[in-house]
Each structure stands twice: as C-alpha cells, then as structure tokens.
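*Asks:* Structure incoming, see below.
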Amino acid sequence: MQNKKVVAMLLAGGQGSRLHSLTKEIAKPAVPFGGKYRIIDFPLSNCTNSGIHTVGVLTQYQPLVLNSYIGIGSAWDLDRKEGGVTVLPPYAAANEVKWYSGTASAIYQNLNYLKLHQPDYVLILSGDHIYKMNYEKMLEDHIDKGADATISVIEVPWKEAGRFGIMSVDHERRVMDFMEKPLEPNSNLASMGIYIFNRTVLETALKMDNLDLNSSHDFGKDIIPRLLRENKKVFAYPFNGYWKDVGTVKSLWEANMDLLDDACGLDLFDISWRIYSVNPNQPPQVIGENAFIKESLINEGCVVEGNINRSVVFQGVTIKAGAKVFKSVIMPDAIIGEGCIIEKAIISPGVTVPEGTKIIPAVSDEVVLISQDSINEYLSC
Amino acid sequence: MLKNSLLGVIDATANHKGLQELTIHRSPAAVPFGGRYRLVDFILSNMVNSDIRSVAIFPKFQYRSLMDHLGSGKNWDLNRKRDGLFFFPSPSLDYPVTGLGSLDHFAANIDFFMRSEQEYTIVANACTIFNMDFKPVLECHIEAGCDITAIRKDGVSLDIFLLKTSLLKELILTRHETSYLSIRDVATDPNSPFTLCSYHYDGFASMIDTVEKYYEASMDLFLPKIWSELFAMERPILTKVKDEPPTRYAEGASVKNAMIANGCLIEGTVENSIIARSVRIGKNSIVKNCIIMQKTKVEESCILEGAILDKDVIVERGAHIKNSGPMPFVIRKGSVQGAWMNS
C-alpha cells in the first residue's frame, strides 16, 4: 500500500443554483455549514485524515472566496513540500480557452496535473456533500477487488432513488448497470459521487470521452456507462455513515439540524476524525445575564443576550436581548436585533435583522432564506 | 513612523510565588486565561499589532508548554524568512532572577541583538493583560528625546520599557562596569545618567502575579467596557488555534453571564464563569463563579463554586466543591476530585 500513490481531485466548480442567494457570490463548496465550517472542509479533512496529501481542487464558478479560503492548504495540513493542495482553474491553452463543461471535462483538462504526480490511483470527490469517510479503506477495497473503478454507494429510501445515480450489483458487488436519475429504479444503491480509478483506465476513458461529440462529459452520465460498456471491472463500495447532499436550502438547513441530534451519526466532537477549517481566531462566546440557550451549537465570537433553541450559530453573531431564535441557522457576523422572532430560517452572513422583525415560514414545511436583499420583504409587516 | 523600527523582547523568566498553584507545570507566561488564551498572547499580540515583526522570548523555568503554545509563531504571523519569533532559554537555571530584562540573560544571546536591524527595542514582561498600541509610545519617546521610556498606569510602572537598541547593546556590554543587573535596574536608578521618561497609559491593564489577581482580572472580563477594549476587532488578541467544533448546548443547559470557548459540551448550569476549550459540564451540575481550564471534565450532579480548575481535571459525579473563603481555590492540573471531598 505504501508505494501506491493516490491523488484526490475535488470538483469544486459548481454553482449550486438551488441554494439561491447563498451562492450568488460564492461557489457552493464555500457555503458555510455547521456553525464554523464551509462545505469543502469535509472532503478536505477527509483527505488529510485518510492520509491523502495531494489534492487538486477544480474551481470555476465564483472562485474568489473559495481560493482565498483554501490558500496554501495549511488549515487542513495540506501545505506540503510534495503534493499538497493545488487550485486548478480553467485556463487558456495555445489555441483556445476551454471552460469545464462537465465533471469529466474538468479532470480531462487537468490530465497534466495527474501526469505531474504520477499516481497509481485517482480519487474523484465533489465539494457538495457533508460526510466523514476514510478513503483509505475504500482504496484498500478497490485494490482487493482488483477493480478498474470503484464507486462509493449508499442505500437511499426507495422513494427517493429516482433523484440519484442508481446502480445494481451482483453478489460480489460488481456493478451490472448504472442509471442516472432513473424513472423506475431497480435498486436503491445510490452513487455518492466518490470514485476511485486506476489512473491509466481513467486517462483512456477521459480521452475517448473527449472525442465523443454526443457526450455531456459527466462521470455519472458518460464515464461510468462507458466503462461498463467496455466491460471494465467496476465495483460498488458500500458506505454506512452519515452522508448528505446539501444542494438545496431545505437540505442545507436539515443537515445543520442533524448536527443537534446525537443519533444522526455525524460527530463533530470526535477528535480521531477532526474536521479542520480556517479558524477565525475570535474571543470566546459571551452569554449574557438574561440569555437562554438549549440544544444548540454556538461558535466563538458570539454575543448572546437572547433566546436560542435548536439552532446553529456561526462565529461573530450577535443575538440581542429578547430575540428568539428557533430551529434556525445564523451565519457568520449576522446581527439579530432586539425582540426579533426567527423560526426555521437561514440568515445569510453579515445580515442585520432590525429590531422586532418576525421571520417565520409561510408554509410550515418550508425554510426561509434571508439575505440582505430579501430582508426588506419582512420589514413591512 | 518608520516601518519595522521596533524590536520586541519578552522576558518570560519571572517566577511569581503567588501564582505557584498555576505554575507547577508551566511558565507564568503560559498560564491559560480568558477561556482560550495564555498570558503571553496579550503582549505578543500587542507587539504584532504594533507592527513589530521580530520578537525574542527569553524563558527560564518550565517552558515546555510555552514553546508548545508558540510553535513557529505562525498564529501571530511570525513564521517569517527574515525576522519572526526567536526563543532564547536561559543558559543556566542557576542564574539569579534579577528583575525584568536580565542583562546577563541578554548577554548570553548578544548575537541576536547584534544582528537585529530595528533601531528601537521594547522590553516587556509576559504576564500583563492589556490591549495596547506601542506605536504612540515610540513617537513620544523620539519626540521627547528620551533614553528610556517606562510605560505606567496610574503612576505605577507596568514593567515595559522602550529604548534604542544601540543603548540596550551598550548596557549589555558594560554591565560589569555599571553593575546594572537588569533593564528595570537602569530604568529605576535615581542617579541614572540617562533621560528617563514615562508614558501614561489609561486603558485596562492587569499584571498577573498572584492567583487573586488572576481571578480578579478574569472576572473583570464580564465588564463590557473591559471586554470590548481587550478584544477590540481592529487589534485582535491572537492565540494558538485548535480546530475545536462550536460549543454544544444540550437539552438541560442553563447558562447565564458566562464566557465559553469552543469545543465544550454544556449539559448543566453555568453562571458567572469562564469555561475554556473542550470542557464538559455534565447533567444537573452547577458551576458558579468558577474558572475552568481546557479539557476539564465535570461529571453529573456536581456543585462547584468559586474555584479555579486547572487543565485536565476530572470532577467525579456528585462532587461538591464550595469555596467560602476570600481566596480563590485552585484545583491542580490533572487531578481527580472525588465525591468524598464533600464538605
């Protein structure tokens, strides 16, 4: 195992348009999560904790915040003499400028990065998911099975299977077929968007795919079906822990709420698998005389005078006296004015909610997303 | 104001008797404070925030925890190719403690002073809690044509001195002729041949040399004026970062008037207390007027009042620790407090 090199390629160029105003100026992997983190902290910390120290991060959509957040990777201990983290944006070549048109095209255009590091295996990750996973275990399985490609899979409820890339496997977990968002799923094993390839297999497939004019250059839609057609050995690797796609406002809110539930399976307090992030270096939180807090996560630099129940509060937030925050996510540096009532809402970073504002979703199973622009709608009432 | 014209020297050799309960395992400079800091963070951050790019620390006893805390200086942006953070332990433990800024201790590291290009040097103790900009001190020092400026609060010296680096080198080299032992000696000599000046500072400052002062300064943090002055956004106090998750408040938590660092799990009641990183407060436990340091674990149904709990203490289920006396009561690092202590 020691001599087998693996390089991770983290796809972080997505816009995440279903997160609406949260991703207006930042890429989805840079969206704040869990009171202190950004989404990308999870795959990057997983890499470090799995002993993978060479990570290419593919960026495209609104990369400024993401780039400066990643920096030289020191927050994740990825500032290395060899390897480390490298941000890989689209670039101009001799004849043309090519944007990343799909997940596979992003990797194809960075085959030189893989050539530079000469890994035996390539781990493909996406920057959209909240989970803790030991990629080394997955790689061991990939090697044991003698696979060409391994796809990490999780069992999803049958009724939701149509939203995922679904595969059916034989008794040895070899993938028989793979369907992207099937109308009538024949399995509930969903792809988590985490792949390990033998580098040579990946290179060949990407080159072939690039020549295919009908291809959308996507791993799920094009590369995996291509490997299956060519009868390559593609195996499924089962994952049993917490995994959540936080692609929508609702799912982002749900994943934050999951952190308040001990049974959810995502333990941020486990020091053997710490989630690293760029630490804001603010003073401890100050809890006032009349504050009331229960079942919540609160980060450094907060000043709390009000009432917080079942909520996740990021660094530098102020909750003024008499304010009531319930089942909400308050992002960094937001100010919740006196006597506000906030329920089932995500308050975007830096938003000031004026005194006495009431924010409650109109429909009970909805979640309200408040940005500096949308706050005005609530002021008139 | 000249860029990079000040050199920082932190004297961390002091061994305050009154702090002994907290300094068995560590240098006073490394005593935890305010939930996530060490005493040295204040002087070091003040230096960095005053554009000082080269800081030398002179430690003596028990400096393992201090070195561990400071590391390469990265958290203070002092991991530089030129200048940065320097560590000069005393060459011998037998050296007498001679007052702030021991010339003998400096002499053992004279090369550092010879190599440094900064025109002025500020020599400070490691145990003062304050947030101060040293740039105006330098301006006054130059304008008034002083040789040595002592920073004072309410007339009392804060044991922080500013002088020309060339004068400092001269004092080091001529120490046997002048029989000055320390910078403090020079600055307090009534027959001094030098122009001695005072700079009056009116912000909050507390020099921590006894457990009482430690407790008092800790409780002062609850005064909003002092809090906002010490932790001013534009001059942040920097410290070693730890990657702790946010603090988790459980169902039965009740927290009022408290300062709580990251990574804690609070299941009980906390009032008028300072809780450091990764502390656990168990169900039905009550913590009042306490200072609890890193990683200490208070199990279920304990009652703690008026105590300072050092790092890694375990307070076992049902233990009662009540301090009725005027002296804050220190529970030593790593100790286990059983329920049998009830009294």
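Letters A, B, ... mark the chains of the structure tokens in the order given; residue numbers begin at 1 per chain; ligand numbers begin at 1, in order shown.
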Just want the 12 Å neighbourhood of Leu138 in chain B, counted on only C-alpha atoms, with same-chain residues fewer than 5 positions away dropped. Output as a PyMOL selection string.
*Replies:* chain B and resi 1-7+50-52+119-122+133+143-151+161-164+197-199
*Asks:* With N, CA and C atoms retained, write the just-selected residues as a PDB file, in the first residue's frame.
*Replies:*
ATOM      1  N   MET B   1       6.309  57.539  10.919  1.00  0.00           N
ATOM      2  CA  MET B   1       6.677  56.316  11.665  1.00  0.00           C
ATOM      3  C   MET B   1       7.423  55.359  10.735  1.00  0.00           C
ATOM      4  N   LEU B   2       8.593  54.999  11.143  1.00  0.00           N
ATOM      5  CA  LEU B   2       9.397  54.098  10.324  1.00  0.00           C
ATOM      6  C   LEU B   2       8.829  52.685  10.376  1.00  0.00           C
ATOM      7  N   LYS B   3       8.835  52.036   9.231  1.00  0.00           N
ATOM      8  CA  LYS B   3       8.400  50.642   9.203  1.00  0.00           C
ATOM      9  C   LYS B   3       9.472  49.774   9.851  1.00  0.00           C
ATOM     10  N   ASN B   4       8.992  48.784  10.586  1.00  0.00           N
ATOM     11  CA  ASN B   4       9.905  47.805  11.165  1.00  0.00           C
ATOM     12  C   ASN B   4      11.041  48.457  11.959  1.00  0.00           C
ATOM     13  N   SER B   5      10.690  49.432  12.810  1.00  0.00           N
ATOM     14  CA  SER B   5      11.742  50.099  13.568  1.00  0.00           C
ATOM     15  C   SER B   5      11.791  49.616  15.017  1.00  0.00           C
ATOM     16  N   LEU B   6      10.877  48.711  15.382  1.00  0.00           N
ATOM     17  CA  LEU B   6      10.832  48.232  16.770  1.00  0.00           C
ATOM     18  C   LEU B   6      11.129  46.740  16.847  1.00  0.00           C
ATOM     19  N   LEU B   7      11.943  46.408  17.825  1.00  0.00           N
ATOM     20  CA  LEU B   7      12.238  45.003  18.116  1.00  0.00           C
ATOM     21  C   LEU B   7      11.494  44.659  19.409  1.00  0.00           C
ATOM     22  N   SER B  50       1.309  46.195  16.767  1.00  0.00           N
ATOM     23  CA  SER B  50       2.035  47.471  16.699  1.00  0.00           C
ATOM     24  C   SER B  50       3.100  47.423  15.607  1.00  0.00           C
ATOM     25  N   ASP B  51       2.920  46.506  14.651  1.00  0.00           N
ATOM     26  CA  ASP B  51       3.836  46.354  13.513  1.00  0.00           C
ATOM     27  C   ASP B  51       5.228  45.863  13.898  1.00  0.00           C
ATOM     28  N   ILE B  52       5.369  45.220  15.029  1.00  0.00           N
ATOM     29  CA  ILE B  52       6.662  44.624  15.377  1.00  0.00           C
ATOM     30  C   ILE B  52       6.766  43.286  14.636  1.00  0.00           C
ATOM     31  N   GLU B 119      15.825  49.817  15.056  1.00  0.00           N
ATOM     32  CA  GLU B 119      16.528  50.867  15.762  1.00  0.00           C
ATOM     33  C   GLU B 119      16.162  50.929  17.246  1.00  0.00           C
ATOM     34  N   TYR B 120      14.908  50.552  17.557  1.00  0.00           N
ATOM     35  CA  TYR B 120      14.432  50.622  18.948  1.00  0.00           C
ATOM     36  C   TYR B 120      14.006  49.243  19.434  1.00  0.00           C
ATOM     37  N   THR B 121      14.033  49.087  20.745  1.00  0.00           N
ATOM     38  CA  THR B 121      13.611  47.812  21.337  1.00  0.00           C
ATOM     39  C   THR B 121      12.626  48.088  22.463  1.00  0.00           C
ATOM     40  N   ILE B 122      11.616  47.252  22.529  1.00  0.00           N
ATOM     41  CA  ILE B 122      10.695  47.336  23.654  1.00  0.00           C
ATOM     42  C   ILE B 122      10.887  46.059  24.469  1.00  0.00           C
ATOM     43  N   ASP B 133      -1.445  49.765  21.851  1.00  0.00           N
ATOM     44  CA  ASP B 133      -0.672  50.058  20.648  1.00  0.00           C
ATOM     45  C   ASP B 133       0.635  50.733  21.086  1.00  0.00           C
ATOM     46  N   GLU B 143      10.100  62.009  20.075  1.00  0.00           N
ATOM     47  CA  GLU B 143       9.825  63.441  20.157  1.00  0.00           C
ATOM     48  C   GLU B 143      10.439  64.092  21.396  1.00  0.00           C
ATOM     49  N   ALA B 144      10.309  63.372  22.536  1.00  0.00           N
ATOM     50  CA  ALA B 144      10.789  63.952  23.792  1.00  0.00           C
ATOM     51  C   ALA B 144      12.288  63.739  23.988  1.00  0.00           C
ATOM     52  N   GLY B 145      12.924  63.046  23.067  1.00  0.00           N
ATOM     53  CA  GLY B 145      14.360  62.799  23.181  1.00  0.00           C
ATOM     54  C   GLY B 145      14.734  61.965  24.394  1.00  0.00           C
ATOM     55  N   CYS B 146      13.961  60.926  24.670  1.00  0.00           N
ATOM     56  CA  CYS B 146      14.218  60.099  25.861  1.00  0.00           C
ATOM     57  C   CYS B 146      15.279  59.034  25.566  1.00  0.00           C
ATOM     58  N   ASP B 147      15.913  58.567  26.634  1.00  0.00           N
ATOM     59  CA  ASP B 147      16.785  57.398  26.509  1.00  0.00           C
ATOM     60  C   ASP B 147      16.003  56.124  26.817  1.00  0.00           C
ATOM     61  N   ILE B 148      15.276  56.201  27.926  1.00  0.00           N
ATOM     62  CA  ILE B 148      14.453  55.032  28.291  1.00  0.00           C
ATOM     63  C   ILE B 148      13.056  55.527  28.683  1.00  0.00           C
ATOM     64  N   THR B 149      12.030  54.950  28.062  1.00  0.00           N
ATOM     65  CA  THR B 149      10.652  55.297  28.421  1.00  0.00           C
ATOM     66  C   THR B 149      10.031  54.114  29.154  1.00  0.00           C
ATOM     67  N   ALA B 150       9.461  54.390  30.321  1.00  0.00           N
ATOM     68  CA  ALA B 150       8.742  53.355  31.067  1.00  0.00           C
ATOM     69  C   ALA B 150       7.249  53.593  30.872  1.00  0.00           C
ATOM     70  N   ILE B 151       6.504  52.520  30.575  1.00  0.00           N
ATOM     71  CA  ILE B 151       5.053  52.672  30.444  1.00  0.00           C
ATOM     72  C   ILE B 151       4.441  52.520  31.835  1.00  0.00           C
ATOM     73  N   PHE B 161       9.517  48.653  28.940  1.00  0.00           N
ATOM     74  CA  PHE B 161      10.451  49.753  28.701  1.00  0.00           C
ATOM     75  C   PHE B 161      10.818  49.834  27.228  1.00  0.00           C
ATOM     76  N   LEU B 162      10.980  51.083  26.765  1.00  0.00           N
ATOM     77  CA  LEU B 162      11.385  51.285  25.376  1.00  0.00           C
ATOM     78  C   LEU B 162      12.712  52.030  25.357  1.00  0.00           C
ATOM     79  N   LEU B 163      13.645  51.570  24.553  1.00  0.00           N
ATOM     80  CA  LEU B 163      14.945  52.230  24.450  1.00  0.00           C
ATOM     81  C   LEU B 163      15.560  51.937  23.091  1.00  0.00           C
ATOM     82  N   LYS B 164      16.619  52.682  22.764  1.00  0.00           N
ATOM     83  CA  LYS B 164      17.303  52.415  21.498  1.00  0.00           C
ATOM     84  C   LYS B 164      18.008  51.067  21.586  1.00  0.00           C
ATOM     85  N   CYS B 197      11.962  58.637  30.899  1.00  0.00           N
ATOM     86  CA  CYS B 197      10.638  59.226  30.671  1.00  0.00           C
ATOM     87  C   CYS B 197       9.553  58.229  31.063  1.00  0.00           C
ATOM     88  N   SER B 198       8.347  58.762  31.209  1.00  0.00           N
ATOM     89  CA  SER B 198       7.194  57.908  31.486  1.00  0.00           C
ATOM     90  C   SER B 198       6.161  58.122  30.399  1.00  0.00           C
ATOM     91  N   TYR B 199       5.504  57.046  30.018  1.00  0.00           N
ATOM     92  CA  TYR B 199       4.380  57.142  29.092  1.00  0.00           C
ATOM     93  C   TYR B 199       3.168  56.676  29.866  1.00  0.00           C
TER      94      TYR B 199
END
*Asks:* Wanna dump the chain A-chain B contacts at 9 Å for me, each residue with its shortest atom pair and the distance in Å to one decimal, counting only C-alpha atoms, ordered by chain and number, as CSV?
*Replies:*
residue,atom,partner,partner_atom,distance
A:Gly34,CA,B:Pro246,CA,8.1
A:Gly35,CA,B:Pro246,CA,6.2
A:Lys36,CA,B:Pro246,CA,6.6
A:Tyr37,CA,B:Pro245,CA,8.7
A:Ala75,CA,B:Asp243,CA,8.8
A:Leu260,CA,B:Arg248,CA,8.2
A:Leu268,CA,B:Pro245,CA,6.1
A:Phe269,CA,B:Pro245,CA,6.5
A:Ile271,CA,B:Glu244,CA,8.8
A:Arg274,CA,B:Asp243,CA,7.6
A:Ile275,CA,B:Asp243,CA,7.4
A:Tyr276,CA,B:Asp243,CA,5.7
A:Ser277,CA,B:Asp243,CA,6.7
A:Val278,CA,B:Asp243,CA,8.2
A:Asn279,CA,B:Val241,CA,6.5
A:Pro280,CA,B:Val241,CA,8.7
A:Asn281,CA,B:Leu238,CA,6.5
A:Gln282,CA,B:Pro236,CA,7.6
A:Pro283,CA,B:Phe231,CA,6.9
A:Pro284,CA,B:Ala261,CA,4.4
A:Gln285,CA,B:Ile260,CA,5.3
A:Val286,CA,B:Met259,CA,4.6
A:Ile287,CA,B:Ala258,CA,5.0
A:Gly288,CA,B:Asn257,CA,4.5
A:Glu289,CA,B:Asn257,CA,4.7
A:Asn290,CA,B:Lys256,CA,6.5
A:Ala291,CA,B:Lys256,CA,6.1
A:Phe292,CA,B:Ser254,CA,6.7
A:Ile293,CA,B:Ser254,CA,6.6
A:Lys294,CA,B:Tyr249,CA,5.3
A:Glu295,CA,B:Ala250,CA,4.4
A:Ser296,CA,B:Tyr249,CA,5.1
A:Leu297,CA,B:Arg248,CA,4.5
A:Ile298,CA,B:Pro246,CA,5.3
A:Asn299,CA,B:Pro246,CA,4.4
A:Glu300,CA,B:Asn262,CA,6.1
A:Gly301,CA,B:Ala261,CA,8.9
A:Val312,CA,B:Pro246,CA,8.9
A:Val313,CA,B:Pro246,CA,8.5
A:Phe314,CA,B:Pro246,CA,8.0
A:Gln315,CA,B:Pro246,CA,8.6
*Asks:* May I have the residues within 9 Å of Gly337 in chain A as a ChimeraX atom specification, using only C-alpha atoms and disregarding those fewer than 6 positions away in the same chain?
*Replies:* /A:318-323,352-357
*Asks:* Quick one, how far is CA of Leu11 in chain A from CA of Leu58 in chain A?
*Replies:*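 One can read the CA of Leu11 in chain A to CA of Leu58 in chain A distance as 5.0 Å.
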*Asks:* Considering only strand (DSSP E or B) as DSSP defines it on the backbone, what residues of range 20-53 of chain B qualify? List them as number ranges by chain.
*Replies:* B: 32-33, 37-38
*Asks:* Can you list, as an MDAnalysis selection string, every protein, DNA or RNA residue that comes within 8 Å of Ala14 in chain B when you count only C-alpha atoms, leaving out same-chain residues fewer than 5 positions away?
*Replies:* chainID B and resid 28 60 97 99:100
*Asks:* Could you give me, as JSON, numbers by chain, each residue of range 185-277 of chain A that DSSP assigns to alpha helix (DSSP H) when run on this structure's backbone?
*Replies:* {"A": [199, 200, 201, 202, 203, 204, 205, 206, 207, 208, 209, 210, 211, 224, 225, 226, 227, 228, 229, 249, 250, 251, 252, 253, 254, 255, 256, 257, 258]}
*Asks:* Skip range 80-83 of chain B itself and residues of its chain fewer than 5 positions away, then list as a PDB file with N, CA and C atoms, in the first residue's frame all residues within 9 Å of it, counting only C-alpha atoms.
*Replies:*
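In the end it all went to out.pdb:
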ATOM      1  N   ARG B  53       7.846  43.098  13.906  1.00  0.00           N
ATOM      2  CA  ARG B  53       7.992  41.916  13.055  1.00  0.00           C
ATOM      3  C   ARG B  53       9.041  40.943  13.577  1.00  0.00           C
ATOM      4  N   SER B  54       9.701  41.325  14.659  1.00  0.00           N
ATOM      5  CA  SER B  54      10.738  40.452  15.201  1.00  0.00           C
ATOM      6  C   SER B  54      10.593  40.445  16.718  1.00  0.00           C
ATOM      7  N   VAL B  55      10.324  39.278  17.274  1.00  0.00           N
ATOM      8  CA  VAL B  55      10.080  39.177  18.711  1.00  0.00           C
ATOM      9  C   VAL B  55      10.972  38.086  19.294  1.00  0.00           C
ATOM     10  N   GLY B  73       5.402  30.375  15.639  1.00  0.00           N
ATOM     11  CA  GLY B  73       4.917  31.751  15.640  1.00  0.00           C
ATOM     12  C   GLY B  73       3.876  32.008  14.564  1.00  0.00           C
ATOM     13  N   LYS B  74       3.468  30.939  13.896  1.00  0.00           N
ATOM     14  CA  LYS B  74       2.548  31.052  12.770  1.00  0.00           C
ATOM     15  C   LYS B  74       1.240  31.764  13.119  1.00  0.00           C
ATOM     16  N   SER B 116      20.117  42.188  14.826  1.00  0.00           N
ATOM     17  CA  SER B 116      18.832  42.847  14.595  1.00  0.00           C
ATOM     18  C   SER B 116      19.045  44.255  14.055  1.00  0.00           C
TER      19      SER B 116
END
*Asks:* Calculated over only C-alpha atoms, which of the candidates B:Ile129, B:Ala319, B:Ala339, B:Leu103 has the smallest distance to Asp209 in chain B?
*Replies:* B:Ile129
*Asks:* Applying 12 Å and only C-alpha atoms, which residues near Ser192 in chain B remain after dropping the ones on its own chain fewer than 6 positions away? List them as a list in words.
*Replies:*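 Listed by chain and then number, they are Asp147, Ile148, Thr178, Tyr180, Ile183, Arg184, Asp185 and Val186 of chain B.
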*Asks:* Mind dumping the selected residues with all heavy atoms as a short mmCIF file (atom, residue, chain, number, x, y, z; two decimals), in the first residue's frame?
*Replies:*
data_model
loop_
_atom_site.label_atom_id
_atom_site.label_comp_id
_atom_site.auth_asym_id
_atom_site.auth_seq_id
_atom_site.Cartn_x
_atom_site.Cartn_y
_atom_site.Cartn_z
N ASP B 147 15.91 58.57 26.63
CA ASP B 147 16.79 57.40 26.51
C ASP B 147 16.00 56.12 26.82
O ASP B 147 16.08 55.13 26.11
CB ASP B 147 17.98 57.51 27.45
CG ASP B 147 18.96 58.59 26.99
OD1 ASP B 147 19.12 58.73 25.76
OD2 ASP B 147 19.52 59.29 27.85
N ILE B 148 15.28 56.20 27.93
CA ILE B 148 14.45 55.03 28.29
C ILE B 148 13.06 55.53 28.68
O ILE B 148 12.93 56.44 29.51
CB ILE B 148 15.06 54.26 29.48
CG1 ILE B 148 16.46 53.76 29.11
CG2 ILE B 148 14.16 53.09 29.88
CD1 ILE B 148 17.16 52.99 30.22
N THR B 178 28.97 48.91 35.06
CA THR B 178 27.88 49.73 35.63
C THR B 178 27.23 49.04 36.82
O THR B 178 26.55 49.68 37.61
CB THR B 178 26.77 49.97 34.59
OG1 THR B 178 26.25 48.70 34.21
CG2 THR B 178 27.31 50.70 33.37
N TYR B 180 24.66 47.34 36.72
CA TYR B 180 23.22 47.16 36.50
C TYR B 180 22.97 45.68 36.20
O TYR B 180 23.69 45.07 35.42
CB TYR B 180 22.74 47.97 35.29
CG TYR B 180 22.66 49.46 35.51
CD1 TYR B 180 23.21 50.34 34.58
CD2 TYR B 180 21.99 49.98 36.62
CE1 TYR B 180 23.11 51.71 34.74
CE2 TYR B 180 21.89 51.36 36.79
CZ TYR B 180 22.46 52.22 35.86
OH TYR B 180 22.35 53.57 36.02
N ILE B 183 17.24 45.66 32.93
CA ILE B 183 16.70 46.90 32.35
C ILE B 183 15.91 47.66 33.41
O ILE B 183 15.95 48.88 33.48
CB ILE B 183 15.81 46.58 31.13
CG1 ILE B 183 16.62 45.88 30.04
CG2 ILE B 183 15.17 47.84 30.57
CD1 ILE B 183 17.73 46.72 29.46
N ARG B 184 15.20 46.90 34.24
CA ARG B 184 14.42 47.57 35.29
C ARG B 184 15.35 48.37 36.21
O ARG B 184 15.02 49.48 36.61
CB ARG B 184 13.63 46.54 36.09
CG ARG B 184 12.66 47.21 37.07
CD ARG B 184 12.26 46.28 38.20
NE ARG B 184 11.23 45.33 37.78
CZ ARG B 184 11.06 44.14 38.36
NH1 ARG B 184 11.87 43.75 39.33
NH2 ARG B 184 10.10 43.35 37.97
N ASP B 185 16.51 47.77 36.53
CA ASP B 185 17.54 48.46 37.34
C ASP B 185 17.90 49.81 36.74
O ASP B 185 17.94 50.82 37.42
CB ASP B 185 18.84 47.64 37.32
CG ASP B 185 18.97 46.76 38.55
OD1 ASP B 185 17.99 46.73 39.33
OD2 ASP B 185 20.03 46.14 38.72
N VAL B 186 18.16 49.79 35.44
CA VAL B 186 18.59 51.00 34.75
C VAL B 186 17.47 52.04 34.80
O VAL B 186 17.69 53.22 35.06
CB VAL B 186 18.94 50.70 33.27
CG1 VAL B 186 19.51 51.95 32.59
CG2 VAL B 186 19.92 49.54 33.18
#
